[in-house]
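Shown here: my_file.tsv, TSV, C-alpha atoms.
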```
chain	number	residue	atom	x	y	z
B	20	MET	CA	169.01	31.10	-64.87
B	21	GLY	CA	171.42	28.99	-66.97
B	22	PRO	CA	170.44	26.01	-69.12
B	23	GLY	CA	167.76	24.83	-66.67
B	24	TYR	CA	169.68	21.84	-65.43
B	25	ALA	CA	173.16	20.40	-64.88
B	26	ILE	CA	173.12	16.60	-64.74
B	27	GLU	CA	175.18	13.59	-65.79
B	28	ASP	CA	173.19	12.47	-68.86
B	29	ILE	CA	169.66	13.31	-70.03
B	30	LYS	CA	169.55	9.94	-71.85
B	31	LEU	CA	169.20	8.17	-68.48
B	32	ALA	CA	165.71	9.59	-67.96
B	33	LYS	CA	163.66	6.50	-68.86
B	34	SER	CA	164.63	4.45	-65.81
B	35	GLY	CA	164.30	7.57	-63.68
B	36	HIS	CA	160.70	8.06	-64.76
B	37	GLU	CA	159.95	4.42	-63.90
B	38	LYS	CA	161.41	4.78	-60.40
B	39	ILE	CA	159.55	8.04	-59.72
B	40	ALA	CA	156.27	6.55	-60.92
B	41	TRP	CA	156.74	3.53	-58.64
B	42	ALA	CA	157.39	5.77	-55.64
B	43	GLY	CA	154.36	7.91	-56.43
B	44	ARG	CA	152.15	4.82	-56.58
B	45	TRP	CA	152.76	4.24	-52.84
B	46	MET	CA	152.78	7.82	-51.57
B	47	GLY	CA	149.09	8.01	-50.68
B	48	VAL	CA	149.35	10.78	-48.10
B	49	LEU	CA	151.25	13.07	-50.44
B	50	ASN	CA	148.70	12.42	-53.17
B	51	ARG	CA	145.82	13.30	-50.82
B	52	LEU	CA	147.50	16.54	-49.77
B	53	LYS	CA	148.19	17.41	-53.40
B	54	LYS	CA	144.43	17.42	-54.03
B	55	ARG	CA	143.79	19.42	-50.86
B	56	PHE	CA	146.34	22.14	-51.63
B	57	ALA	CA	145.46	22.37	-55.32
B	58	GLU	CA	142.16	23.95	-54.33
B	59	ALA	CA	143.90	26.63	-52.24
B	60	GLY	CA	146.28	27.64	-55.05
B	61	THR	CA	148.98	28.65	-52.55
B	62	PHE	CA	151.86	27.32	-54.64
B	63	GLN	CA	150.79	29.02	-57.87
B	64	GLY	CA	153.58	31.20	-59.24
B	65	LYS	CA	155.91	30.55	-56.30
B	66	ARG	CA	159.58	29.58	-56.54
B	67	VAL	CA	160.52	26.54	-54.44
B	68	SER	CA	164.06	25.25	-53.89
B	69	ILE	CA	164.74	21.75	-52.57
B	70	CYS	CA	168.00	20.27	-51.28
B	71	ILE	CA	167.39	16.68	-50.16
B	72	HIS	CA	168.98	13.33	-51.04
B	73	LEU	CA	167.92	13.21	-54.67
B	74	GLU	CA	166.39	9.85	-55.42
B	75	ALA	CA	162.96	8.73	-56.61
B	76	LYS	CA	160.92	9.65	-53.52
B	77	THR	CA	162.38	13.15	-53.36
B	78	ALA	CA	161.79	13.53	-57.07
B	79	TYR	CA	158.11	12.71	-56.62
B	80	LEU	CA	157.83	15.49	-54.02
B	81	ALA	CA	159.37	17.87	-56.55
B	82	GLU	CA	156.87	16.78	-59.19
B	83	VAL	CA	153.95	17.29	-56.78
B	84	VAL	CA	155.13	20.82	-55.96
B	85	GLN	CA	155.47	21.55	-59.67
B	86	LYS	CA	151.95	20.23	-60.36
B	87	LEU	CA	150.65	22.56	-57.65
B	88	GLY	CA	151.84	25.48	-59.76
B	89	ALA	CA	155.30	26.28	-58.41
B	90	GLU	CA	158.55	26.51	-60.33
B	91	VAL	CA	161.00	24.10	-58.74
B	92	TRP	CA	164.78	24.08	-58.36
B	93	ILE	CA	166.40	21.00	-56.83
B	94	THR	CA	169.77	19.50	-55.90
B	95	SER	CA	170.94	16.63	-53.70
B	96	SER	CA	171.97	17.30	-50.11
B	97	ASN	CA	174.78	14.76	-50.52
B	98	PRO	CA	176.47	14.15	-53.90
B	99	THR	CA	176.78	10.43	-53.14
B	100	SER	CA	173.01	10.11	-52.82
B	101	ALA	CA	172.12	11.69	-56.17
B	102	LYS	CA	170.70	9.17	-58.64
B	103	ASP	CA	171.62	10.26	-62.17
B	104	ASP	CA	168.63	8.64	-63.89
B	105	VAL	CA	166.23	10.34	-61.49
B	106	CYS	CA	167.93	13.69	-62.10
B	107	ALA	CA	167.54	13.20	-65.83
B	108	ALA	CA	163.83	12.39	-65.47
B	109	LEU	CA	163.23	15.59	-63.50
B	110	ALA	CA	165.07	17.62	-66.12
B	111	GLU	CA	162.75	16.19	-68.79
B	112	LYS	CA	159.77	17.31	-66.67
B	113	GLY	CA	160.99	20.92	-66.75
B	114	ILE	CA	162.29	21.01	-63.18
B	115	HIS	CA	165.55	22.91	-62.68
B	116	VAL	CA	167.76	20.09	-61.42
B	117	TYR	CA	171.41	20.57	-60.58
B	118	ALA	CA	172.90	17.33	-59.31
B	119	ARG	CA	175.24	14.57	-60.30
B	120	HIS	CA	176.27	11.41	-58.46
B	121	ASP	CA	179.68	11.91	-56.82
B	122	ALA	CA	179.83	15.59	-57.74
B	123	THR	CA	182.94	17.40	-56.57
B	124	PRO	CA	182.80	19.90	-53.67
B	125	GLY	CA	183.15	22.70	-56.20
B	126	GLU	CA	180.27	21.38	-58.27
B	127	PHE	CA	178.12	21.00	-55.17
B	128	GLU	CA	178.78	24.65	-54.26
B	129	SER	CA	177.75	25.67	-57.78
B	130	TYR	CA	174.53	23.64	-57.41
B	131	LEU	CA	173.66	25.49	-54.20
B	132	ALA	CA	174.17	28.73	-56.11
B	133	ALA	CA	171.98	27.50	-58.96
B	134	ILE	CA	169.00	26.60	-56.77
B	135	THR	CA	169.11	29.84	-54.79
B	136	ASP	CA	169.91	32.36	-57.56
B	137	CYS	CA	166.18	32.24	-58.37
B	138	LYS	CA	165.53	33.97	-55.01
B	139	PRO	CA	163.06	31.34	-53.79
B	140	HIS	CA	159.95	31.95	-51.71
B	141	VAL	CA	160.40	28.75	-49.67
B	142	ILE	CA	163.23	26.22	-49.29
B	143	VAL	CA	163.39	22.61	-48.18
B	144	ASP	CA	166.84	21.90	-46.70
B	145	ASP	CA	168.47	18.68	-45.47
B	146	GLY	CA	171.51	19.15	-43.26
B	147	GLY	CA	171.68	22.94	-43.30
B	148	ASP	CA	173.85	23.47	-46.40
B	149	VAL	CA	171.43	25.83	-48.15
B	150	CYS	CA	171.00	27.79	-44.94
B	151	ASP	CA	174.76	28.18	-44.62
B	152	TYR	CA	175.06	29.18	-48.28
B	153	LEU	CA	172.44	31.90	-47.85
B	154	GLY	CA	174.37	33.24	-44.88
B	155	LYS	CA	177.18	34.02	-47.32
B	156	HIS	CA	174.84	35.15	-50.11
B	157	PRO	CA	171.98	37.00	-48.36
B	158	GLN	CA	170.84	38.61	-51.62
B	159	ASN	CA	169.36	35.24	-52.61
B	160	ALA	CA	167.06	35.23	-49.57
B	161	ILE	CA	165.28	38.52	-50.19
B	162	HIS	CA	161.95	36.82	-51.01
B	163	LEU	CA	162.36	33.89	-48.61
B	164	ALA	CA	159.30	33.30	-46.43
B	165	GLY	CA	160.90	30.38	-44.64
B	166	ILE	CA	163.22	27.38	-44.77
B	167	CYS	CA	162.00	23.89	-43.80
B	168	GLU	CA	164.76	21.72	-42.31
B	169	GLU	CA	164.52	17.94	-42.60
B	170	THR	CA	167.24	16.55	-40.31
B	171	THR	CA	168.55	16.50	-36.76
B	172	THR	CA	171.92	17.79	-37.99
B	173	GLY	CA	170.30	20.66	-39.87
B	174	VAL	CA	168.07	21.70	-36.99
B	175	ASN	CA	171.06	21.74	-34.65
B	176	ARG	CA	172.94	23.95	-37.12
B	177	LEU	CA	169.95	26.30	-37.35
B	178	LEU	CA	169.67	26.57	-33.57
B	179	ALA	CA	173.39	27.33	-33.27
B	180	LYS	CA	173.12	29.97	-36.01
B	181	HIS	CA	170.13	31.56	-34.28
B	182	ALA	CA	171.96	31.56	-30.91
B	183	ARG	CA	174.82	33.46	-32.56
B	184	GLY	CA	172.41	35.99	-34.03
B	185	GLU	CA	173.19	34.86	-37.59
B	186	LEU	CA	169.77	33.57	-38.63
B	187	THR	CA	168.14	36.07	-40.97
B	188	PHE	CA	164.94	34.27	-42.01
B	189	PRO	CA	162.28	32.05	-40.42
B	190	ALA	CA	163.03	28.33	-40.15
B	191	LEU	CA	160.75	25.37	-39.44
B	192	ALA	CA	162.18	22.37	-37.56
B	193	ILE	CA	160.57	19.59	-39.61
B	194	ASN	CA	162.77	17.00	-37.91
B	195	ASP	CA	161.29	17.78	-34.50
B	196	ALA	CA	157.72	17.00	-35.54
B	197	ARG	CA	156.38	13.71	-34.20
B	198	SER	CA	155.17	12.54	-37.60
B	199	LYS	CA	158.82	12.86	-38.73
B	200	TYR	CA	161.11	11.56	-36.01
B	201	LEU	CA	158.87	8.80	-34.66
B	202	PHE	CA	158.69	7.13	-38.06
B	203	ASP	CA	161.35	8.44	-40.45
B	204	ASN	CA	164.29	8.71	-38.07
B	205	ARG	CA	163.50	5.53	-36.19
B	206	HIS	CA	161.68	3.04	-38.44
B	207	GLY	CA	162.84	4.39	-41.78
B	208	THR	CA	166.52	4.54	-40.89
B	209	GLY	CA	166.34	1.27	-38.99
B	210	GLN	CA	165.01	-0.73	-41.91
B	211	SER	CA	166.96	0.98	-44.68
B	212	THR	CA	170.28	0.85	-42.81
B	213	TRP	CA	170.12	-2.90	-42.38
B	214	SER	CA	168.73	-3.51	-45.86
B	215	SER	CA	171.78	-1.67	-47.21
B	216	ILE	CA	174.32	-3.39	-44.97
B	217	MET	CA	172.95	-6.85	-45.74
B	218	ASN	CA	172.80	-6.15	-49.48
B	219	LEU	CA	176.37	-4.81	-49.58
B	220	THR	CA	177.91	-7.62	-47.52
B	221	ASN	CA	175.59	-10.60	-48.23
B	222	LEU	CA	176.42	-11.79	-44.71
B	223	ASN	CA	174.43	-12.79	-41.64
B	224	VAL	CA	173.42	-10.31	-38.97
B	225	VAL	CA	172.03	-13.03	-36.69
B	226	GLY	CA	174.52	-14.03	-34.04
B	227	LYS	CA	176.77	-11.03	-34.68
B	228	THR	CA	177.57	-8.20	-32.28
B	229	VAL	CA	176.33	-4.81	-33.46
B	230	VAL	CA	177.69	-1.64	-31.87
B	231	VAL	CA	175.26	1.27	-32.24
B	232	ILE	CA	177.03	4.55	-31.54
B	233	GLY	CA	174.48	7.11	-30.39
B	234	TYR	CA	170.97	6.38	-29.14
B	235	GLY	CA	168.85	9.17	-30.53
B	236	TRP	CA	165.89	8.32	-32.74
B	237	VAL	CA	168.16	7.03	-35.51
B	238	GLY	CA	170.17	4.92	-33.07
B	239	ARG	CA	166.98	3.52	-31.56
B	240	GLY	CA	165.79	2.37	-34.97
B	241	VAL	CA	169.14	0.86	-35.95
B	242	ALA	CA	169.38	-1.01	-32.63
B	243	GLN	CA	165.79	-2.27	-32.70
B	244	ARG	CA	166.04	-3.60	-36.25
B	245	ALA	CA	169.38	-5.30	-35.57
B	246	ASN	CA	167.89	-6.85	-32.45
B	247	GLY	CA	165.00	-8.15	-34.54
B	248	LEU	CA	167.49	-9.70	-36.95
B	249	GLY	CA	169.01	-11.71	-34.12
B	250	ALA	CA	172.09	-9.67	-33.32
B	251	GLU	CA	173.54	-8.91	-29.89
B	252	ILE	CA	173.33	-5.14	-29.37
B	253	ILE	CA	175.83	-2.87	-27.67
B	254	VAL	CA	175.01	0.84	-27.37
B	255	THR	CA	177.52	3.60	-26.68
B	256	GLU	CA	176.37	7.04	-25.55
B	257	ILE	CA	177.50	10.25	-23.85
B	258	ASP	CA	173.98	11.24	-22.73
B	259	PRO	CA	173.08	9.50	-19.43
B	260	TRP	CA	169.32	9.58	-20.10
B	261	LYS	CA	169.67	8.01	-23.54
B	262	ALA	CA	172.16	5.49	-22.16
B	263	TRP	CA	169.77	4.46	-19.41
B	264	GLU	CA	166.92	4.25	-21.90
B	265	ALA	CA	168.98	1.85	-24.02
B	266	ARG	CA	169.71	-0.22	-20.95
B	267	MET	CA	166.03	-0.28	-20.00
B	268	GLU	CA	165.26	-1.59	-23.47
B	269	GLY	CA	167.54	-4.55	-22.88
B	270	PHE	CA	170.72	-3.47	-24.60
B	271	ARG	CA	174.24	-3.58	-23.20
B	272	VAL	CA	175.65	-0.08	-22.67
B	273	ILE	CA	179.41	0.40	-22.35
B	274	PRO	CA	182.05	2.96	-23.44
B	275	LEU	CA	183.10	2.85	-27.08
B	276	VAL	CA	186.67	1.94	-26.20
B	277	GLU	CA	185.36	-1.26	-24.60
B	278	ALA	CA	182.88	-1.96	-27.39
B	279	ALA	CA	185.56	-1.53	-30.08
B	280	GLU	CA	187.07	-4.96	-29.52
B	281	LEU	CA	183.69	-6.71	-29.38
B	282	GLY	CA	181.79	-5.50	-32.44
B	283	ASP	CA	181.27	-7.21	-35.78
B	284	TYR	CA	179.25	-4.29	-37.16
B	285	PHE	CA	179.66	-0.65	-36.13
B	286	VAL	CA	177.00	1.94	-37.05
B	287	THR	CA	177.48	5.61	-36.14
B	288	CYS	CA	174.29	7.57	-35.41
B	289	THR	CA	175.47	10.77	-33.73
B	290	GLY	CA	175.79	13.61	-36.24
B	291	GLU	CA	179.12	14.49	-34.63
B	292	GLU	CA	182.63	14.50	-36.12
B	293	ARG	CA	185.33	11.84	-35.59
B	294	ILE	CA	183.39	9.68	-33.16
B	295	VAL	CA	185.24	6.50	-34.17
B	296	ARG	CA	188.95	7.22	-34.23
B	297	GLU	CA	192.38	5.58	-34.44
B	298	GLU	CA	192.29	4.35	-30.82
B	299	HIS	CA	189.11	2.46	-31.64
B	300	PHE	CA	190.32	1.08	-34.98
B	301	ASN	CA	193.38	-0.29	-33.17
B	302	LEU	CA	191.15	-2.44	-30.96
B	303	MET	CA	188.73	-3.82	-33.56
B	304	LYS	CA	188.69	-7.47	-34.52
B	305	ASP	CA	189.72	-8.74	-37.93
B	306	GLY	CA	186.75	-8.50	-40.30
B	307	ALA	CA	184.79	-5.74	-38.51
B	308	PHE	CA	182.45	-3.65	-40.67
B	309	LEU	CA	182.25	0.14	-40.36
B	310	SER	CA	179.24	2.17	-41.46
B	311	ASN	CA	177.66	5.56	-40.84
B	312	ALA	CA	173.93	6.28	-40.55
B	313	GLY	CA	174.40	10.00	-39.88
B	314	HIS	CA	173.84	12.75	-42.42
B	315	PHE	CA	177.50	13.64	-43.01
B	316	GLY	CA	180.36	11.24	-43.71
B	317	TYR	CA	182.64	12.50	-40.97
B	318	GLU	CA	181.56	10.40	-37.98
B	319	LEU	CA	184.20	7.82	-38.88
B	320	ASP	CA	187.75	9.20	-38.94
B	321	ILE	CA	188.52	7.83	-42.38
B	322	PRO	CA	191.74	9.86	-42.86
B	323	ALA	CA	193.14	8.18	-39.73
B	324	LEU	CA	192.08	4.77	-41.04
B	325	GLU	CA	193.75	5.48	-44.37
B	326	LYS	CA	197.03	6.35	-42.60
B	327	MET	CA	196.87	3.12	-40.61
B	328	ALA	CA	196.30	0.93	-43.68
B	329	VAL	CA	199.16	-0.71	-45.59
B	330	SER	CA	196.76	-1.28	-48.48
B	331	ILE	CA	193.20	-0.38	-49.45
B	332	GLN	CA	191.25	-2.53	-51.87
B	333	ASN	CA	187.72	-2.38	-53.19
B	334	VAL	CA	186.47	-5.95	-52.68
B	335	ARG	CA	182.75	-5.55	-53.44
B	336	THR	CA	180.53	-2.74	-54.63
B	337	LYS	CA	180.74	-0.04	-51.93
B	338	VAL	CA	182.92	-2.29	-49.71
B	339	ASP	CA	186.56	-1.26	-49.17
B	340	GLU	CA	189.04	-3.45	-47.32
B	341	TYR	CA	191.59	-1.65	-45.17
B	342	HIS	CA	194.50	-4.04	-44.54
B	343	LEU	CA	196.38	-3.01	-41.39
B	344	ALA	CA	200.02	-3.61	-40.55
B	345	ASP	CA	199.20	-6.29	-37.98
B	346	GLY	CA	197.25	-8.32	-40.52
B	347	ARG	CA	193.74	-7.28	-39.47
B	348	ARG	CA	191.24	-6.22	-42.12
B	349	LEU	CA	188.54	-3.62	-41.50
B	350	TYR	CA	185.76	-3.08	-44.02
B	351	LEU	CA	184.34	0.36	-44.74
B	352	LEU	CA	180.86	0.45	-46.29
B	353	ALA	CA	179.71	3.12	-48.77
B	354	ASN	CA	182.89	5.19	-48.23
B	355	GLY	CA	181.59	6.18	-44.79
B	356	ASP	CA	178.77	8.20	-46.36
B	357	ILE	CA	175.18	7.83	-45.18
B	358	ILE	CA	174.77	4.08	-45.52
B	359	ASN	CA	171.09	3.77	-46.32
B	360	ILE	CA	171.28	6.06	-49.36
B	361	ALA	CA	174.91	6.00	-50.49
B	362	GLY	CA	174.81	2.20	-50.17
B	363	GLY	CA	171.14	1.49	-50.82
B	364	LEU	CA	167.74	2.80	-51.82
B	365	GLY	CA	167.02	4.99	-48.79
B	366	HIS	CA	163.96	4.82	-46.58
B	367	PRO	CA	160.92	2.76	-47.56
B	368	VAL	CA	158.55	4.71	-49.79
B	369	GLU	CA	155.70	4.74	-47.25
B	370	ILE	CA	157.98	6.26	-44.60
B	371	MET	CA	159.08	9.09	-46.87
B	372	ASP	CA	155.46	9.60	-47.88
B	373	MET	CA	154.84	10.88	-44.35
B	374	SER	CA	158.02	12.96	-44.16
B	375	PHE	CA	157.49	14.60	-47.53
B	376	SER	CA	153.81	15.15	-46.79
B	377	LEU	CA	154.93	17.02	-43.68
B	378	GLN	CA	157.29	19.05	-45.85
B	379	LEU	CA	154.51	19.86	-48.31
B	380	ALA	CA	152.07	20.84	-45.56
B	381	THR	CA	154.71	22.98	-43.86
B	382	MET	CA	155.64	24.71	-47.12
B	383	HIS	CA	151.95	25.48	-47.59
B	384	TYR	CA	151.86	26.92	-44.06
B	385	VAL	CA	154.93	29.08	-44.68
B	386	LEU	CA	153.61	30.41	-47.96
B	387	SER	CA	150.17	31.21	-46.54
B	388	THR	CA	151.34	32.76	-43.24
B	389	PRO	CA	152.43	36.40	-43.53
B	390	ALA	CA	155.66	37.52	-41.89
B	391	LEU	CA	156.76	34.64	-39.68
B	392	ALA	CA	159.23	35.83	-37.04
B	393	ILE	CA	162.92	35.13	-37.56
B	394	ASP	CA	163.29	32.10	-35.33
B	395	VAL	CA	163.49	28.31	-35.42
B	396	HIS	CA	159.81	27.40	-35.21
B	397	ALA	CA	158.18	24.14	-34.28
B	398	VAL	CA	155.83	22.70	-36.86
B	399	PRO	CA	152.31	23.63	-35.70
B	400	LYS	CA	150.56	20.73	-34.01
B	401	ARG	CA	147.61	20.86	-36.39
B	402	ILE	CA	149.94	20.26	-39.35
B	403	ASP	CA	151.81	17.47	-37.56
B	404	GLU	CA	148.49	15.82	-36.70
B	405	LEU	CA	147.09	16.35	-40.19
B	406	VAL	CA	149.84	14.18	-41.67
B	407	VAL	CA	149.41	11.26	-39.28
B	408	ARG	CA	145.62	11.35	-39.61
B	409	GLU	CA	145.89	11.37	-43.40
B	410	LYS	CA	148.18	8.35	-43.06
B	411	MET	CA	145.53	6.61	-40.98
B	412	ALA	CA	143.00	7.33	-43.71
B	413	VAL	CA	145.31	5.87	-46.35
B	414	GLU	CA	145.80	2.75	-44.25
B	415	GLY	CA	142.06	2.50	-43.58
B	416	PHE	CA	141.84	2.60	-39.81
B	417	THR	CA	140.36	4.92	-37.19
B	418	ILE	CA	140.90	5.51	-33.48
B	419	ASP	CA	138.73	6.51	-30.54
B	420	GLU	CA	137.93	10.10	-29.64
B	421	ASP	CA	138.34	11.16	-26.03
B	422	SER	CA	135.32	11.81	-23.82
B	423	ASN	CA	135.58	15.57	-24.40
B	424	GLY	CA	135.38	15.12	-28.16
B	425	GLU	CA	139.05	15.93	-28.69
B	426	SER	CA	141.53	13.66	-30.47
```

Turn this file's structure into structure tokens for me.
Amino acid sequence: MGPGYAIEDIKLAKSGHEKIAWAGRWMGVLNRLKKRFAEAGTFQGKRVSICIHLEAKTAYLAEVVQKLGAEVWITSSNPTSAKDDVCAALAEKGIHVYARHDATPGEFESYLAAITDCKPHVIVDDGGDVCDYLGKHPQNAIHLAGICEETTTGVNRLLAKHARGELTFPALAINDARSKYLFDNRHGTGQSTWSSIMNLTNLNVVGKTVVVIGYGWVGRGVAQRANGLGAEIIVTEIDPWKAWEARMEGFRVIPLVEAAELGDYFVTCTGEERIVREEHFNLMKDGAFLSNAGHFGYELDIPALEKMAVSIQNVRTKVDEYHLADGRRLYLLANGDIINIAGGLGHPVEIMDMSFSLQLATMHYVLSTPALAIDVHAVPKRIDELVVREKMAVEGFTIDEDSNGES
């Protein structure tokens, strides 16, 4: 299986251990489920592969799975989100970690090979890259009981693959569970996006115009948090129901071509390619900030922006100034990669506690359920509810039961 890991520098492990320990201190739901599943022994002797943004919270999930008796292989779903000290700490713990911050596309492909060559029993994916890799290397999926997909983008890719008849193993749509999208996609992304933007720019949000492009659960969270910070919100959408929902929530809804000349901050939240293009850049005001909250860094047409620029200068950490021929300056944050992780610390720990608890519970379900059908399955309601009720227990509150004795 190779040397066991491929990372930047094992000497970075000390700070990685500190970060992982801090995350674990606040992940009460995951810690409760660890005790529950230890008794069942379901993970004993299993091979688990994980491909998620590799920072401290993800690392703690990997450590929990290892402590439950599994052998764990892990990489980052986006090279820009890999934290080298965290990778080093996992390597010291005996986890097979293949990740490096800003790894090349070729390296990333080799990491996908490394975490699937073990022929895992269950996989956690984020964005669908492992699923796509297995489509080209089906021999690595011969023992695969199921793949658990974390994101909207990944679920959409799975559904498209299944519609084409190309899905060859069961998949669980983690992203579509209520204990995921209601909290992670909305509140987690909302807070972490604006924490990152404010940290990178050190500028006010209050009084500024924020253009939120896409009003799914991520867009809702980004808009709501910006509104709470005192910004004026403009939403752009192609879905009439989502557009009307944004309007009902008090936000201005107009086409992107009209919003382009009004925004101070632009945040893409669509999961689609080249949403903000040259015709929009041409209309933006001097000093506008561009950022992406979607999984992949292609929502902003950065190649077009590069062609338009007469010069490009890094002016702050993760802030690049594109100086245009007419004198305007546009600022790209975190290279257009996912802003909350490439430019910050990712979701709050307590948010990811719920999401990763859902992953753990769903992995347990996959491993203990014989022969799931080849399909994109919803997470069973009992598992979805288990996570939110465990969260209530951690927070120390209860709710009423209905008159029929059902929750």

Counting only C-alpha atoms, which residues of region 78-193 of chain B fall within 6 Å of region 32-55 of chain B, and what is the closest atom pair for each with its distance in Å at one decimal, ordered by chain and rising number, as a tab-separated table?
```
residue	atom	partner	partner_atom	distance
B:Tyr79	CA	B:Ile39	CA	5.8
B:Asp104	CA	B:Gly35	CA	4.5
B:Val105	CA	B:Gly35	CA	4.0
B:Ala107	CA	B:Ala32	CA	4.6
B:Ala108	CA	B:Ala32	CA	4.2
```

Checklist outcome for this item: note - CA of Gly363 (chain B) and CA of Ser215 (chain B) are separated by 4.8 Å

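CA of Glu291 (chain B) sits 9.4 Å away from CA of Leu319 (chain B).
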
Checklist entry - Separation of CA of Leu186 (chain B) and CA of Asp394 (chain B), in Å? => result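 For CA of Leu186 (chain B) relative to CA of Asp394 (chain B), the distance reads 7.4 Å.
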
Checklist outcome for this item: Using only C-alpha atoms, the residue out of B:Arg239, B:Lys227, B:Lys304, B:His314 with shortest distance to Arg205 (chain B) is B:Arg239

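Each of B:Ser198, B:Asn354, B:Ser310, B:Thr255 was checked against Ile402 (chain B) using only C-alpha atoms; the smallest atom-to-atom distance is that of B:Ser198.
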
Next on the checklist: Between B:Trp236, B:Ile142, B:Glu297, B:Gln243, which residue has the minimum interatomic distance to Phe202 (chain B), considering all atoms listed in the file?
Outcome noted: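 Using all atoms listed in the file, the shortest distance to Phe202 (chain B) belongs to B:Trp236.
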
Item to check | Surrounding residues of Gln210 (chain B) excluding itself and chain neighbours under 6 positions, 9 Å, only C-alpha atoms, as a count of residues only | outcome: 7

Next on the checklist: Which polymer residues, whether protein, DNA or RNA, lie within 10 Å of the coordinate (190.2, 1.5, -42.6) when you count only C-alpha atoms? List them as JSON, numbers by chain, using the chain letters and numbers from the file.
Outcome noted: {"B": [297, 300, 307, 308, 309, 319, 320, 321, 322, 323, 324, 325, 326, 327, 328, 329, 330, 331, 339, 340, 341, 342, 343, 347, 348, 349, 350, 351, 354]}

Item to check | Which of B:Leu379, B:Ala122, B:Ile358, B:Ile252 sits closest to Gln85 (chain B) [using all atoms listed in the file] | outcome: B:Leu379

Checklist entry - Counting only C-alpha atoms, what is within 12 Å of Gly269 (chain B), bar same-chain residues fewer than 2 positions away, as a VMD selection string? => result chain B and resid 239 242 to 243 246 251 to 254 262 to 267 271 to 272

Next on the checklist: Can you tell me which residues surround Gly362 (chain B) at a distance of at most 12 Å, considering all atoms listed in the file, apart from same-chain residues fewer than 5 positions away, and format the answer as a list in words?
Outcome noted: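 The filter keeps Thr99, Ser100, Ala101, Lys102, Ser211, Thr212, Trp213, Ser214, Ser215, Ile216, Met217, Asn218, Leu219, Thr220, Ser310, Asn311, Ala312, Arg335, Thr336, Lys337, Val338, Leu351, Leu352, Ala353, Asn354, Gly355, Asp356 and Ile357 of chain B.
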
Edge lengths and centre, in Å to one decimal, as lines of an AutoDock Vina configuration file: that's what I need for the box along x, y and z that holds all listed atoms of region 184-194 of chain B plus 8 Å on each side.
```
center_x = 166.9
center_y = 26.5
center_z = -38.0
size_x = 28.6
size_y = 35.1
size_z = 24.0
```

Next on the checklist: When you look at His181 (chain B) with a cut-off of 12 Å (counting only C-alpha atoms), what residues show up, excluding the ones that are within fewer than 3 positions of it in the same chain? I need them as a list in words.
Outcome noted: Cys150, Asp151, Gly154, Val174, Asn175, Arg176, Leu177, Leu178, Gly184, Glu185, Leu186, Thr187, Phe188, Pro189, Ala190, Ile393, Asp394, Val395 and His396 of chain B

Pull C-alpha atoms from the residues just selected and write them as a short mmCIF file (atom, residue, chain, number, x, y, z; two decimals), keeping the file's coordinate frame.
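Generated file (result.cif):
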```
data_model
loop_
_atom_site.label_atom_id
_atom_site.label_comp_id
_atom_site.auth_asym_id
_atom_site.auth_seq_id
_atom_site.Cartn_x
_atom_site.Cartn_y
_atom_site.Cartn_z
CA CYS B 150 171.00 27.79 -44.94
CA ASP B 151 174.76 28.18 -44.62
CA GLY B 154 174.37 33.24 -44.88
CA VAL B 174 168.07 21.70 -36.99
CA ASN B 175 171.06 21.74 -34.65
CA ARG B 176 172.94 23.95 -37.12
CA LEU B 177 169.95 26.30 -37.35
CA LEU B 178 169.67 26.57 -33.57
CA GLY B 184 172.41 35.99 -34.03
CA GLU B 185 173.19 34.86 -37.59
CA LEU B 186 169.77 33.57 -38.63
CA THR B 187 168.14 36.07 -40.97
CA PHE B 188 164.94 34.27 -42.01
CA PRO B 189 162.28 32.05 -40.42
CA ALA B 190 163.03 28.33 -40.15
CA ILE B 393 162.92 35.13 -37.56
CA ASP B 394 163.29 32.10 -35.33
CA VAL B 395 163.49 28.31 -35.42
CA HIS B 396 159.81 27.40 -35.21
#
```

Item to check | Nearest-residue call for Tyr384 (chain B), choices B:Ala361, B:Ala164, B:Val286, B:Ala412, using all atoms listed in the file | outcome: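 Looking at the shortest contact to Tyr384 (chain B), the residue is B:Ala164.
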
Next on the checklist: With only C-alpha atoms as the counted atoms, please give the residues lying no more than 7 Å from Thr289 (chain B), apart from itself and same-chain residues fewer than 4 positions off, as a list in words.
Outcome noted: Ile232, Gly233 and Gly313 of chain B

Now that the selection is made, can you save its residues with C-alpha atoms as an mmCIF file, in the coordinates of the input?
```cif
data_model
loop_
_atom_site.group_PDB
_atom_site.id
_atom_site.type_symbol
_atom_site.label_atom_id
_atom_site.label_comp_id
_atom_site.auth_asym_id
_atom_site.auth_seq_id
_atom_site.Cartn_x
_atom_site.Cartn_y
_atom_site.Cartn_z
ATOM 1 C CA ILE B 232 177.030 4.550 -31.540
ATOM 2 C CA GLY B 233 174.480 7.110 -30.390
ATOM 3 C CA GLY B 313 174.400 10.000 -39.880
#
```

Next on the checklist: So, with all atoms listed in the file as the atoms that count, which of B:Met373, B:Ile29, B:Ile418, B:Gln332 lies closest to Leu201 (chain B)?
Outcome noted: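 Distance minimum relative to Leu201 (chain B) lands on B:Met373.
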